[in-house]
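Data from my_file10.cif: mmCIF, C-alpha atoms
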```cif
data_work
loop_
_atom_site.label_atom_id
_atom_site.label_comp_id
_atom_site.auth_asym_id
_atom_site.auth_seq_id
_atom_site.Cartn_x
_atom_site.Cartn_y
_atom_site.Cartn_z
CA MET A 117 4.32 -5.85 -3.98
CA HIS A 118 5.47 -6.37 -0.43
CA ARG A 119 8.79 -6.93 1.28
CA PRO A 120 8.48 -10.77 0.97
CA VAL A 121 8.77 -10.44 -2.81
CA GLN A 122 12.45 -9.52 -2.40
CA ASN A 123 12.89 -12.14 0.32
CA GLU A 124 11.49 -14.87 -1.93
CA GLU A 125 14.00 -13.89 -4.58
CA GLU A 126 16.85 -13.85 -2.05
CA ARG A 127 15.87 -17.36 -0.99
CA TYR A 128 15.98 -18.51 -4.61
CA LEU A 129 19.31 -16.78 -5.28
CA LEU A 130 20.87 -18.31 -2.14
CA HIS A 131 19.84 -21.75 -3.37
CA GLN A 132 21.32 -21.08 -6.81
CA LEU A 133 24.59 -19.89 -5.23
CA HIS A 134 24.69 -23.05 -3.10
CA LEU A 135 24.29 -25.17 -6.24
CA VAL A 136 27.21 -23.60 -8.07
CA ALA A 137 29.59 -22.69 -5.23
CA ALA A 138 29.18 -25.70 -2.94
CA LEU A 139 27.73 -28.52 -5.03
CA LYS A 140 29.38 -27.59 -8.34
CA GLN A 141 26.09 -28.07 -10.17
CA ASP A 142 24.44 -26.10 -12.97
CA SER A 143 23.03 -22.78 -11.81
CA ILE A 144 21.92 -19.39 -13.04
CA PHE A 145 25.39 -18.12 -12.03
CA VAL A 146 28.78 -18.41 -13.73
CA PRO A 147 32.22 -17.59 -12.25
CA GLY A 148 33.20 -13.93 -12.05
CA ALA A 149 36.64 -12.42 -12.59
CA GLN A 150 37.57 -12.36 -8.88
CA ARG A 151 37.93 -15.20 -6.41
CA GLY A 152 34.70 -16.26 -4.78
CA LEU A 153 32.52 -13.98 -6.92
CA TRP A 154 29.79 -14.97 -9.34
CA LYS A 155 27.66 -13.25 -11.93
CA LEU A 156 24.35 -13.91 -13.63
CA ARG A 157 24.45 -15.91 -16.85
CA PRO A 158 24.31 -13.44 -19.77
CA ASP A 159 21.32 -15.19 -21.35
CA LEU A 160 19.07 -14.68 -18.30
CA LEU A 161 16.81 -11.76 -17.42
CA PHE A 162 14.60 -10.98 -14.43
CA VAL A 163 11.09 -9.65 -15.13
CA PHE A 164 8.85 -8.36 -12.33
CA PHE A 165 5.08 -8.75 -12.69
CA SER A 166 2.52 -7.08 -10.43
CA SER A 167 -1.23 -7.41 -10.82
CA HIS A 168 -1.61 -3.78 -9.76
CA THR A 169 0.36 -0.56 -9.81
CA PRO A 170 2.83 -0.37 -6.88
CA CYS A 171 1.49 1.52 -3.89
CA GLY A 172 2.90 4.98 -3.34
CA ASP A 173 4.07 7.41 -6.01
CA ALA A 174 3.35 5.17 -9.01
CA SER A 175 -0.31 5.00 -7.99
CA ILE A 176 -0.84 8.78 -8.12
CA ILE A 177 -2.21 8.97 -11.64
CA PRO A 178 -4.61 11.36 -13.37
CA MET A 179 -8.30 10.60 -13.54
CA LEU A 180 -9.94 11.76 -16.72
CA GLU A 181 -13.47 13.11 -17.03
CA PHE A 182 -14.83 9.88 -18.56
CA GLU A 183 -13.54 7.65 -15.73
CA ASP A 184 -15.01 6.77 -12.35
CA GLN A 185 -13.90 9.26 -9.72
CA PRO A 186 -12.77 8.76 -6.12
CA CYS A 187 -14.53 11.92 -5.03
CA CYS A 188 -16.54 14.71 -6.54
CA PRO A 189 -14.74 16.70 -9.26
CA VAL A 190 -13.51 20.16 -8.42
CA SER A 191 -16.59 22.32 -8.34
CA THR A 192 -16.97 25.84 -9.62
CA ASP A 193 -17.85 27.02 -6.10
CA TRP A 194 -14.66 25.58 -4.66
CA ALA A 195 -12.57 26.94 -7.55
CA ASN A 196 -13.90 30.42 -6.94
CA ASN A 197 -13.41 30.13 -3.18
CA PRO A 198 -10.48 27.79 -2.41
CA SER A 199 -10.66 28.60 1.31
CA VAL A 200 -13.86 26.56 1.59
CA GLU A 201 -12.97 23.23 3.17
CA ALA A 202 -13.57 20.02 1.31
CA SER A 203 -16.49 17.97 2.50
CA GLY A 204 -14.23 16.43 4.88
CA ASN A 205 -12.86 13.17 4.21
CA LEU A 206 -11.59 12.24 0.86
CA GLU A 207 -10.07 9.14 2.41
CA ALA A 208 -12.92 8.21 4.73
CA THR A 209 -15.37 7.66 1.88
CA GLU A 210 -13.59 4.65 0.45
CA ASP A 211 -16.59 2.34 0.79
CA LYS A 212 -18.84 4.58 -1.25
CA SER A 213 -19.54 3.50 -4.78
CA LYS A 214 -17.80 6.42 -6.41
CA CYS A 215 -14.74 6.26 -4.24
CA GLY A 216 -11.57 4.36 -4.84
CA ASP A 217 -7.84 4.64 -5.08
CA SER A 218 -5.27 3.09 -7.31
CA ASP A 219 -4.25 0.72 -4.52
CA SER A 220 -7.88 -0.46 -4.34
CA PRO A 221 -9.39 -0.03 -7.81
CA VAL A 222 -12.94 1.06 -8.37
CA THR A 223 -15.44 -1.68 -9.08
CA LYS A 224 -16.30 -0.57 -12.60
CA LYS A 225 -13.99 -1.26 -15.47
CA MET A 226 -12.04 1.60 -16.95
CA ARG A 227 -13.57 2.82 -20.19
CA LEU A 228 -11.09 3.44 -22.98
CA GLU A 229 -11.98 6.34 -25.18
CA PRO A 230 -10.01 8.21 -27.85
CA GLY A 231 -6.82 9.55 -26.35
CA THR A 232 -6.37 6.69 -23.87
CA PRO A 233 -3.33 4.45 -24.44
CA ALA A 234 -3.59 0.69 -24.07
CA ARG A 235 -0.85 -1.89 -23.94
CA GLU A 236 -0.92 -5.64 -23.86
CA VAL A 237 1.66 -8.29 -23.19
CA ALA A 238 0.86 -11.63 -24.76
CA ASN A 239 3.14 -14.65 -25.04
CA GLY A 240 6.06 -12.58 -23.86
CA VAL A 241 5.68 -10.04 -26.68
CA VAL A 242 4.69 -6.48 -25.93
CA HIS A 243 2.11 -4.93 -28.25
CA HIS A 244 1.10 -1.30 -28.22
CA GLN A 245 -2.28 0.12 -29.06
CA SER A 246 -2.51 3.86 -29.13
CA PHE A 247 -5.69 5.87 -29.33
CA GLY A 248 -3.85 9.15 -29.20
CA THR A 249 -0.75 10.69 -27.70
CA GLN A 250 0.33 10.84 -24.07
CA GLU A 251 1.67 14.33 -24.42
CA SER A 252 -0.25 16.90 -22.47
CA GLY A 253 -2.62 19.21 -24.20
CA PRO A 254 -3.99 22.53 -22.98
CA ILE A 255 -4.56 22.75 -19.26
CA PRO A 256 -8.10 21.52 -18.62
CA PRO A 257 -10.41 24.19 -17.20
CA SER A 258 -11.38 21.94 -14.27
CA VAL A 259 -7.74 21.74 -13.23
CA SER A 260 -6.42 25.17 -14.10
CA SER A 261 -9.10 26.82 -11.99
CA SER A 262 -8.35 24.78 -8.89
CA ASN A 263 -5.67 27.01 -7.38
CA LEU A 264 -2.80 24.63 -8.16
CA THR A 265 0.72 25.89 -8.58
CA SER A 266 2.27 25.71 -12.04
CA GLU A 267 4.45 22.83 -10.88
CA GLU A 268 1.44 20.87 -9.61
CA LEU A 269 -0.43 21.52 -12.83
CA ALA A 270 2.50 20.31 -14.90
CA ALA A 271 2.94 17.17 -12.78
CA VAL A 272 -0.67 16.11 -13.31
CA THR A 273 -1.56 17.32 -16.78
CA ARG A 274 1.54 15.99 -18.52
CA MET A 275 0.40 12.48 -17.60
CA ALA A 276 -2.90 12.86 -19.42
CA PRO A 277 -3.50 11.86 -23.06
CA GLY A 278 -3.57 14.85 -25.39
CA GLY A 279 -6.70 16.91 -25.09
CA ALA A 280 -8.16 14.85 -22.23
CA LYS A 281 -9.59 16.69 -19.25
CA VAL A 282 -8.06 15.80 -15.88
CA VAL A 283 -10.68 16.11 -13.14
CA ASP A 284 -8.98 14.30 -10.27
CA VAL A 285 -6.23 11.83 -9.35
CA TYR A 286 -6.43 8.29 -8.07
CA ARG A 287 -5.61 8.20 -4.39
CA THR A 288 -2.87 6.19 -2.73
CA GLY A 289 -3.22 5.19 0.91
CA ALA A 290 0.56 5.39 1.32
CA LYS A 291 1.45 8.23 3.69
CA CYS A 292 4.37 10.64 3.28
CA VAL A 293 7.34 9.87 5.51
CA PRO A 294 8.38 12.39 8.17
CA GLY A 295 10.60 15.04 6.63
CA GLU A 296 8.81 15.11 3.26
CA ALA A 297 6.67 18.04 2.16
CA GLY A 298 3.39 16.18 2.56
CA ASP A 299 0.13 16.14 0.59
CA SER A 300 -2.06 19.22 0.30
CA GLY A 301 -5.28 17.22 0.78
CA ARG A 302 -7.14 19.68 -1.46
CA PRO A 303 -10.01 18.35 -3.56
CA GLY A 304 -9.27 17.42 -7.14
CA ALA A 305 -6.05 16.96 -9.04
CA GLY A 306 -3.88 18.67 -6.42
CA TYR A 307 -4.78 16.28 -3.58
CA HIS A 308 -1.39 14.50 -3.67
CA GLN A 309 2.16 15.78 -4.02
CA VAL A 310 4.03 13.57 -6.47
CA GLY A 311 7.60 12.30 -6.20
CA LEU A 312 7.66 11.89 -2.40
CA LEU A 313 8.80 8.96 -0.28
CA ARG A 314 5.91 7.15 1.38
CA VAL A 315 5.25 4.26 3.76
CA LYS A 316 2.88 1.41 3.01
CA PRO A 317 -0.82 1.99 3.64
CA GLY A 318 -2.37 0.22 6.61
CA ARG A 319 -5.32 0.37 8.97
CA GLY A 320 -3.36 -0.06 12.20
CA ASP A 321 -0.29 1.68 13.54
CA ARG A 322 1.78 3.40 10.86
CA THR A 323 4.31 0.99 9.43
CA CYS A 324 8.02 1.66 8.92
CA SER A 325 7.94 -0.28 5.63
CA MET A 326 8.51 1.91 2.60
CA SER A 327 6.02 1.88 -0.27
CA CYS A 328 6.39 -0.53 -3.17
CA SER A 329 7.13 2.37 -5.55
CA ASP A 330 10.06 3.44 -3.38
CA LYS A 331 11.45 -0.08 -3.07
CA LEU A 332 11.33 -0.64 -6.82
CA ALA A 333 13.10 2.69 -7.36
CA ARG A 334 15.83 1.58 -4.94
CA TRP A 335 16.18 -1.76 -6.73
CA ASN A 336 16.79 0.15 -9.94
CA ILE A 337 20.01 1.49 -8.40
CA LEU A 338 21.09 -1.14 -5.88
CA GLY A 339 19.69 -4.30 -7.46
CA CYS A 340 17.12 -6.68 -5.99
CA GLN A 341 19.56 -9.11 -4.34
CA GLY A 342 20.10 -7.17 -1.10
CA ALA A 343 23.32 -6.50 0.81
CA LEU A 344 24.12 -10.04 2.00
CA LEU A 345 24.25 -11.60 -1.45
CA MET A 346 26.50 -8.84 -2.78
CA HIS A 347 29.35 -10.59 -0.92
CA PHE A 348 29.15 -13.32 -3.56
CA LEU A 349 28.17 -11.29 -6.63
CA GLU A 350 30.42 -9.41 -9.02
CA GLU A 351 27.59 -7.02 -9.92
CA PRO A 352 24.01 -6.35 -8.76
CA ILE A 353 21.04 -8.22 -10.21
CA TYR A 354 18.72 -5.74 -11.88
CA LEU A 355 15.20 -6.10 -13.21
CA SER A 356 15.06 -5.92 -17.00
CA ALA A 357 11.32 -5.19 -17.12
CA VAL A 358 8.36 -4.37 -14.89
CA VAL A 359 4.93 -5.46 -16.14
CA ILE A 360 1.71 -4.26 -14.52
CA GLY A 361 -1.66 -5.99 -14.89
CA LYS A 362 -4.88 -4.41 -16.05
CA CYS A 363 -5.81 -1.64 -13.64
CA PRO A 364 -5.79 2.19 -13.48
CA TYR A 365 -2.39 2.98 -14.93
CA SER A 366 -0.16 5.82 -16.12
CA GLN A 367 3.06 5.20 -17.99
CA GLU A 368 4.43 8.57 -16.93
CA ALA A 369 3.60 8.00 -13.27
CA MET A 370 5.36 4.62 -13.37
CA GLN A 371 8.45 6.09 -15.01
CA ARG A 372 8.51 9.01 -12.58
CA ALA A 373 8.21 6.75 -9.55
CA LEU A 374 10.56 3.96 -10.60
CA THR A 375 13.27 5.75 -12.61
CA GLY A 376 12.69 9.51 -12.77
CA ARG A 377 13.40 10.27 -9.13
CA CYS A 378 16.83 8.63 -9.28
CA GLN A 379 17.95 9.30 -12.84
CA ASN A 380 20.65 11.80 -11.82
CA ILE A 381 22.36 9.70 -9.14
CA SER A 382 26.14 9.87 -9.57
CA ALA A 383 29.37 8.71 -7.91
CA LEU A 384 28.22 5.10 -7.66
CA PRO A 385 30.78 2.30 -7.12
CA LYS A 386 31.79 -0.02 -9.94
CA GLY A 387 28.99 -2.27 -11.13
CA PHE A 388 26.17 -0.06 -9.84
CA GLY A 389 24.27 2.36 -12.03
CA VAL A 390 20.92 3.85 -12.98
CA GLN A 391 19.05 1.25 -15.04
CA ASP A 392 16.74 1.82 -17.99
CA VAL A 393 14.16 -0.73 -16.91
CA LYS A 394 11.34 -1.39 -19.39
CA ILE A 395 7.90 -0.61 -17.99
CA GLN A 396 4.80 -2.02 -19.68
CA GLN A 397 1.18 -2.81 -18.94
CA SER A 398 -0.64 -6.05 -19.70
CA ASP A 399 -4.31 -6.31 -20.59
CA LEU A 400 -4.72 -9.31 -18.25
CA LEU A 401 -6.91 -8.75 -15.19
CA PHE A 402 -5.93 -10.64 -12.04
CA GLU A 403 -8.93 -12.90 -11.27
CA GLN A 404 -8.63 -12.38 -7.51
CA SER A 405 -8.17 -8.61 -7.63
CA ARG A 406 -10.58 -6.47 -5.65
CA CYS A 407 -12.05 -5.12 -8.87
CA ALA A 408 -12.70 -8.60 -10.32
CA VAL A 409 -14.08 -10.05 -7.09
CA GLN A 410 -16.47 -7.16 -6.55
CA ALA A 411 -17.75 -7.52 -10.11
CA LYS A 412 -18.72 -11.13 -9.31
CA ARG A 413 -20.49 -10.17 -6.05
CA THR A 414 -23.26 -8.06 -7.52
CA ASP A 415 -25.83 -9.99 -5.45
CA SER A 416 -23.77 -9.79 -2.25
CA PRO A 417 -23.32 -6.16 -1.22
CA GLY A 418 -20.79 -5.37 1.46
CA ARG A 419 -17.25 -4.21 1.87
CA LEU A 420 -14.37 -6.48 0.91
CA VAL A 421 -11.69 -6.91 3.57
CA PRO A 422 -8.17 -8.08 2.59
CA CYS A 423 -7.20 -11.50 3.88
CA GLY A 424 -4.43 -11.69 6.50
CA ALA A 425 -2.96 -14.81 4.90
CA ALA A 426 -0.16 -14.92 2.37
CA ILE A 427 1.29 -17.65 0.16
CA SER A 428 4.91 -17.26 -0.88
CA TRP A 429 6.61 -19.58 -3.36
CA SER A 430 10.29 -19.91 -4.22
CA ALA A 431 11.88 -22.26 -6.75
CA VAL A 432 13.79 -24.22 -4.11
CA PRO A 433 13.62 -27.97 -3.34
CA GLU A 434 13.04 -27.68 0.43
CA GLN A 435 9.59 -26.38 1.38
CA PRO A 436 9.04 -24.08 -1.59
CA LEU A 437 5.69 -22.91 -0.19
CA ASP A 438 5.55 -20.58 2.79
CA VAL A 439 1.98 -20.09 3.99
CA THR A 440 1.54 -17.46 6.69
CA ALA A 441 -1.34 -15.84 8.54
CA ASN A 442 -0.74 -12.39 10.03
CA GLY A 443 3.01 -12.88 9.62
CA PHE A 444 3.31 -16.34 11.20
CA PRO A 445 3.27 -19.80 9.60
CA GLN A 446 -0.25 -21.11 9.29
CA GLY A 447 -1.21 -23.13 12.36
CA THR A 448 1.03 -21.26 14.80
CA THR A 449 -0.53 -21.11 18.26
CA LYS A 450 -0.10 -18.42 20.89
CA LYS A 451 2.07 -20.74 22.96
CA GLY A 452 4.38 -21.47 20.06
CA ILE A 453 4.67 -17.93 18.74
CA ARG A 454 8.29 -17.57 19.96
CA SER A 455 9.46 -20.98 18.78
CA LEU A 456 11.67 -21.73 15.77
CA GLN A 457 8.64 -23.20 14.01
CA ALA A 458 6.93 -19.79 14.17
CA ARG A 459 9.43 -18.25 11.76
CA SER A 460 8.52 -17.68 8.16
CA ARG A 461 10.94 -19.21 5.65
CA ILE A 462 11.48 -15.77 4.17
CA SER A 463 12.08 -13.91 7.43
CA LYS A 464 15.40 -12.13 7.84
CA VAL A 465 16.50 -14.62 10.48
CA GLU A 466 15.82 -17.65 8.26
CA LEU A 467 17.48 -16.03 5.23
CA PHE A 468 20.53 -15.27 7.36
CA ARG A 469 20.62 -18.92 8.45
CA SER A 470 20.60 -19.95 4.77
CA PHE A 471 23.43 -17.50 4.12
CA GLN A 472 25.46 -18.98 7.01
CA LYS A 473 24.75 -22.48 5.70
CA LEU A 474 26.12 -21.40 2.30
CA LEU A 475 29.28 -20.08 3.95
CA SER A 476 29.84 -23.25 5.93
CA SER A 477 29.54 -25.34 2.77
CA ILE A 478 32.43 -23.49 1.08
CA SER A 479 36.04 -23.75 2.22
CA GLU A 480 37.35 -20.44 3.59
CA ASP A 481 40.11 -20.18 1.01
CA LYS A 482 37.35 -19.83 -1.62
CA TRP A 483 35.42 -17.15 0.21
CA PRO A 484 35.24 -13.68 -1.37
CA ASP A 485 37.71 -11.14 0.05
CA SER A 486 34.94 -9.13 1.77
CA LEU A 487 34.29 -12.10 4.08
CA ARG A 488 37.94 -12.95 4.76
CA VAL A 489 39.37 -9.65 5.97
CA GLN A 490 37.47 -9.49 9.26
CA LYS A 491 35.55 -11.69 11.66
CA LEU A 492 31.83 -11.12 11.27
CA GLU A 493 29.09 -12.40 13.55
CA THR A 494 25.79 -10.55 13.42
CA TYR A 495 23.39 -9.99 10.55
CA GLN A 496 24.10 -6.25 10.77
CA GLU A 497 27.88 -6.79 10.58
CA TYR A 498 27.56 -8.94 7.46
CA LYS A 499 25.35 -6.32 5.80
CA GLU A 500 27.73 -3.46 6.64
CA ALA A 501 30.70 -5.46 5.33
CA ALA A 502 29.22 -5.41 1.82
CA SER A 503 31.12 -2.17 1.22
CA ALA A 504 30.24 -1.51 -2.43
CA TYR A 505 26.54 -2.01 -1.76
CA GLN A 506 26.65 0.27 1.29
CA GLU A 507 28.52 2.93 -0.68
CA ALA A 508 25.86 2.86 -3.41
CA TRP A 509 23.06 2.96 -0.83
CA SER A 510 24.70 5.94 0.89
CA ALA A 511 24.94 7.83 -2.42
CA LEU A 512 21.28 7.12 -3.18
CA ARG A 513 20.13 8.38 0.21
CA LYS A 514 22.24 11.54 0.03
CA GLN A 515 21.20 12.46 -3.49
CA ALA A 516 17.57 11.36 -3.69
CA PHE A 517 16.11 9.51 -0.70
CA ALA A 518 17.31 11.42 2.35
CA SER A 519 14.06 10.79 4.25
CA TRP A 520 14.09 7.02 3.78
CA ILE A 521 13.02 5.31 7.01
CA ARG A 522 15.60 2.86 8.31
CA ASN A 523 15.12 0.27 11.03
CA PRO A 524 17.27 0.81 14.12
CA PRO A 525 20.53 -1.23 14.00
CA ASP A 526 19.40 -3.07 17.15
CA TYR A 527 16.79 -4.88 15.04
CA HIS A 528 19.61 -6.59 13.11
CA GLN A 529 21.88 -7.62 15.97
CA PHE A 530 21.02 -11.31 15.74
CA LYS A 531 23.45 -14.13 14.94
#
```
Would you mind writing the file's structure down as structure tokens?
Amino acid sequence: MHRPVQNEEERYLLHQLHLVAALKQDSIFVPGAQRGLWKLRPDLLFVFFSSHTPCGDASIIPMLEFEDQPCCPVSTDWANNPSVEASGNLEATEDKSKCGDSDSPVTKKMRLEPGTPAREVANGVVHHQSFGTQESGPIPPSVSSSNLTSEELAAVTRMAPGGAKVVDVYRTGAKCVPGEAGDSGRPGAGYHQVGLLRVKPGRGDRTCSMSCSDKLARWNILGCQGALLMHFLEEPIYLSAVVIGKCPYSQEAMQRALTGRCQNISALPKGFGVQDVKIQQSDLLFEQSRCAVQAKRTDSPGRLVPCGAAISWSAVPEQPLDVTANGFPQGTTKKGIRSLQARSRISKVELFRSFQKLLSSISEDKWPDSLRVQKLETYQEYKEAASAYQEAWSALRKQAFASWIRNPPDYHQFK
């Protein structure tokens, strides 16, 4: 999941608000109790599907002894002498056959053995298959001897099916943000520190974009509509369920990353709250996933490189498809890179233009109060004027996500 996922939804929601508020047509929204405010129809739900576990905290999951491993298991020599450095580069070996991380799954299929839970979602109905319990059993010898603290042991072993031996964890390429404790980098199950804020993985300069796990956790408090749309909504729009495709997966890691880190947030404004989102896994494998593609290329060895192109689709009548390459609409030349045509339909600037178009299509006497009390001009001013949303976001940062990276206000001073 990337930032455009939210932007696609915002584009769709803006269109639906335009239908009901300006054109007086059927929409997913119905009138709220206050002037100019709307709310989601009670018979509608939003479900988020991802073909893979979100990058970041949700991807730090235990690797059991019968699974493929991203690096060598903790050895007896290392356990007896923890000061010995690891062979050097747990992350640099990603193209080796036994390496992998949960953001880039290993090429072999996971083998389910007794004690491993499986879930499937078919025809909208969730079915559970259980080969054991997910409660932790005794601390596996290969973990307990690896010089982990009791807290680290508990964080890893409680995610393992009962009696299973945890020999490692799947790696995430998402790096800890400045101000967080940071990963230990030690071989084996203690390589990562769980529960931390992280930025998206990347091969170039470090990005300021937070990991998908962190964004989903924020949505579970603030909603997935963003600040701008809260001017028109009586309450946030929350996800009812998150479904993950077939890949390395841990129910406990997902719950920790998406809901556990924020479950004690308090003093939220009216309408906002900690949600009990349903989290499930499907048994469907995405045909274009790295794992599936590599399995088909047995006669063509070589490293797979992610494509720089992206296809975004929104259920809107005007140009529903947004095809970009390296962040720009496909076909953009170097000469035209600063032109209006070089903007993606789901960029912040274009979404703000759609928001302004919505405002201009509604008479001012029907605007919500938050847009009538002061004259607003810039994107930043409109965002800050969504007072309830900003109050909830402030509470979340103070109580759980203090190290969250925020773009400088200058980035949002466009009209």
I'd like a table as a tab-separated table: residues in range 299-378 of chain A with an atom no more than 6 Å from range 147-170 of chain A, each row giving the shortest atom pair and its distance in Å to one decimal, all atoms listed in the file counted, sorted by chain and rising residue number.
```
residue	atom	partner	partner_atom	distance
A:Cys328	CA	A:Pro170	CA	5.1
A:Ser329	CA	A:Pro170	CA	5.3
A:Phe348	CA	A:Leu153	CA	4.8
A:Leu349	CA	A:Trp154	CA	4.8
A:Glu350	CA	A:Leu153	CA	5.5
A:Leu355	CA	A:Phe162	CA	5.1
A:Ser356	CA	A:Phe162	CA	5.7
A:Ala357	CA	A:Val163	CA	4.9
A:Val358	CA	A:Phe164	CA	4.8
A:Val359	CA	A:Phe165	CA	4.8
A:Ile360	CA	A:Ser166	CA	5.0
A:Gly361	CA	A:Ser167	CA	4.3
```
Next on the checklist: For a test of reading the model, state the distance in Å between CA of Leu492 in chain A and CA of Ser479 in chain A, rounded to one decimal.
Outcome noted: 16.1 Å
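Note that the spacing between CA of Asp481 in chain A and CA of Glu497 in chain A amounts to 20.5 Å.
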With range 382-388 of chain A as the partner and 9 Å as the cut-off, tabulate the residues of range 333-365 of chain A that qualify, each row holding the nearest pair of atoms and their distance in Å to one decimal, using only C-alpha atoms, sorted by chain and rising number, as JSON lines.
```
{"residue": "A:Ile337", "atom": "CA", "partner": "A:Phe388", "partner_atom": "CA", "distance": 6.5}
{"residue": "A:Leu338", "atom": "CA", "partner": "A:Phe388", "partner_atom": "CA", "distance": 6.5}
{"residue": "A:Gly339", "atom": "CA", "partner": "A:Phe388", "partner_atom": "CA", "distance": 8.1}
{"residue": "A:Glu350", "atom": "CA", "partner": "A:Gly387", "partner_atom": "CA", "distance": 7.6}
{"residue": "A:Glu351", "atom": "CA", "partner": "A:Gly387", "partner_atom": "CA", "distance": 5.1}
{"residue": "A:Pro352", "atom": "CA", "partner": "A:Phe388", "partner_atom": "CA", "distance": 6.7}
```
Once you have the residues from the selection above, write them out as a short mmCIF file (atom, residue, chain, number, x, y, z; two decimals), in the coordinates of the input, restricted to C-alpha atoms.
```cif
data_model
loop_
_atom_site.label_atom_id
_atom_site.label_comp_id
_atom_site.auth_asym_id
_atom_site.auth_seq_id
_atom_site.Cartn_x
_atom_site.Cartn_y
_atom_site.Cartn_z
CA ILE A 337 20.01 1.49 -8.40
CA LEU A 338 21.09 -1.14 -5.88
CA GLY A 339 19.69 -4.30 -7.46
CA GLU A 350 30.42 -9.41 -9.02
CA GLU A 351 27.59 -7.02 -9.92
CA PRO A 352 24.01 -6.35 -8.76
#
```
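Nearest residue to Gln472 in chain A among A:Val315, A:Ala297, A:Leu345, A:Ala369 is A:Leu345, counting all atoms listed in the file.
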Item to check | Explicit residue set for the PyMOL selection byres ((chain A and resi 370-380) around 10), as number ranges by chain | outcome: A: 169-170, 172-177, 271, 310-313, 328-337, 358, 360, 365-369, 381-382, 389-396, 512, 515-517
